[in-house]
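Encoded as structure tokens, the structure appears first; notes follow it.
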Amino acid sequence: MKLEKIYFWPQWFAESLSSSKRLPINSTLISKLGRANLYLWRALNIYDDFLDGAGQRAKLPQANNYYRRYLEIYYRLNLDPSFYRLFNRVMIGLDTANRQETLKNHLKITAGKINLSKRLPRFNKFSNLAKKSLALGLGAIAILYILKRPRKKLEIEATLNFFRYALAAKQLSDDSRDWFEDLTDGRITAANVLVLRAAKRRRLKLDLNHQPEIAHLLFAIDAAAKICRDLKKLCQQAKIYGTKINLDPDSRLITEIIGPLETGLVETTQFNSYWAKDPKKML
């Protein structure tokens, strides 16, 4: 069975350490942490479908099983209590983000017409976009605890911040790709909220069934450039923290997570520059 890239993140982090610092980490442990990432990734994907209202009940026991196996791997590591305090904070952040998304970030849509009377949520701190997935970076933190590195607290903070900004960038990229689908389903994201704000500011009515081109024009004119700027900042922040934990530019964590985002950013910027000259070409 083909493994998702998420499985290899702990391995790539271990490979970024010098061979002498990597000695206590055996391949069996790396494999366990990779499986934990895989279990959590698959569980979150199923749970997300339920949060979006499209979940299949038959898959829920499978998601619970994945989540249980993820937790089991980590709690069997028997690490320092401070690791589990951090672990619990990250997991609480995941639960809080899911709850906020369920309660606040939904639109009222009738026959394709969006009701913009409600107050729109703000996404001022883009690093918060990583809360739903930050647990996927805990494998690297576990490795640091196992190694008992000097100045461990500073390295732990920098490592967690690398994943925080990298995962926030990935989430914003995903939101920008799925902005119209999310809008149609009534989900408010960091990407399509810019379209909604632009419509309110311009006093435009959004009818996704009969005039979807208005939403597309607003995305091209008002949203795309800002999303590109924010994505660039998040990628830069991730690379800054990557430097602090001695990740080489050719580290797999950089090339496999940040690299595709930056490539897409360049392509999107070129696309937006072309259409911005004459937005009517979008019609």
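Residues in the structure tokens are numbered from 1 in each chain, the chains being A, B, ... in the order shown, and ligands are numbered from 1 in the order shown.
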
Q: Name the residues in contact with segment 105-114 of chain A at a cut-off of 7 Å, using only C-alpha atoms, excluding same-chain residues fewer than 3 positions from it; report them as a PyMOL selection string.
A: chain A and resi 101-102+121+186-188+206-209

Could you name the residues that touch segment 30-34 of chain A at 8 Å or less, counting only C-alpha atoms, but leaving out those on the same chain fewer than 3 positions away, as a PDB file with C-alpha atoms, in the first residue's frame?
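Once everything was written out, this is result.pdb:
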ATOM      1  CA  ILE A   6       3.052  12.531   6.011  1.00  0.00           C
ATOM      2  CA  TYR A   7       4.423   9.124   7.090  1.00  0.00           C
ATOM      3  CA  PHE A   8       7.984  10.212   6.296  1.00  0.00           C
ATOM      4  CA  TRP A   9       8.063  13.498   8.224  1.00  0.00           C
ATOM      5  CA  PRO A  10       9.696  12.047  11.390  1.00  0.00           C
ATOM      6  CA  GLN A  11      12.231  10.231   9.189  1.00  0.00           C
ATOM      7  CA  ILE A  25      17.093   6.958  17.231  1.00  0.00           C
ATOM      8  CA  ASN A  26      16.621   3.505  15.756  1.00  0.00           C
ATOM      9  CA  SER A  27      14.669   2.695  12.634  1.00  0.00           C
ATOM     10  CA  ASN A  37       1.472  10.441  11.687  1.00  0.00           C
ATOM     11  CA  LEU A  38      -0.274   8.274   9.131  1.00  0.00           C
ATOM     12  CA  ILE A  73       1.985   4.924  20.010  1.00  0.00           C
ATOM     13  CA  TYR A  74       2.748   8.224  21.713  1.00  0.00           C
ATOM     14  CA  GLY A 139       7.053  13.260  15.877  1.00  0.00           C
TER      15      GLY A 139
END

Residues of segment 106-160 of chain A that approach segment 234-244 of chain A to 8 Å or less, counting only C-alpha atoms: could you list each one with the shortest pair of atoms and its distance in Å to one decimal, rows by chain and increasing residue number, as a tab-separated table?
residue	atom	partner	partner_atom	distance
A:Phe126	CA	A:Leu234	CA	8.0
A:Ser127	CA	A:Leu234	CA	7.7
A:Glu155	CA	A:Lys244	CA	7.9
A:Ala158	CA	A:Tyr241	CA	5.6
A:Thr159	CA	A:Tyr241	CA	7.0

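Using only C-alpha atoms, the contacts of His216 of chain A at a cut-off of 9 Å, with sequence neighbours closer than 2 positions omitted, comprise Phe180, Val195, Pro212, Glu213, Ile214, Leu218, Phe219, Ala220, Ile221, Met282 and Leu283 of chain A.
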
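The gap separating atom CA of Ala169 of chain A from atom CA of Leu136 of chain A is 14.2 Å, in Å to one decimal.
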
(Q) Please identify the strand (DSSP E or B) residues within segment 33-245 of chain A (assignment by DSSP from backbone atoms) and present them as an MDAnalysis selection string. (A) chainID A and resid 106 108:110 113:115 187 207

(Q) Which residue is closest to Asp48 of chain A? Choose from A:Asp95, A:Arg89, A:Ser82, A:Lys233 and count only C-alpha atoms. (A)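 Answer, going by the shortest atom-to-atom distance: A:Asp95.
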
Q. If we count only C-alpha atoms, what is near Ile141 of chain A at a cut-off of 10 Å, once residues fewer than 4 positions away on the same chain are taken out, given as a PyMOL selection string?
A. chain A and resi 10+13+83+86-87+135+137+145-147+152+155-157+159-160
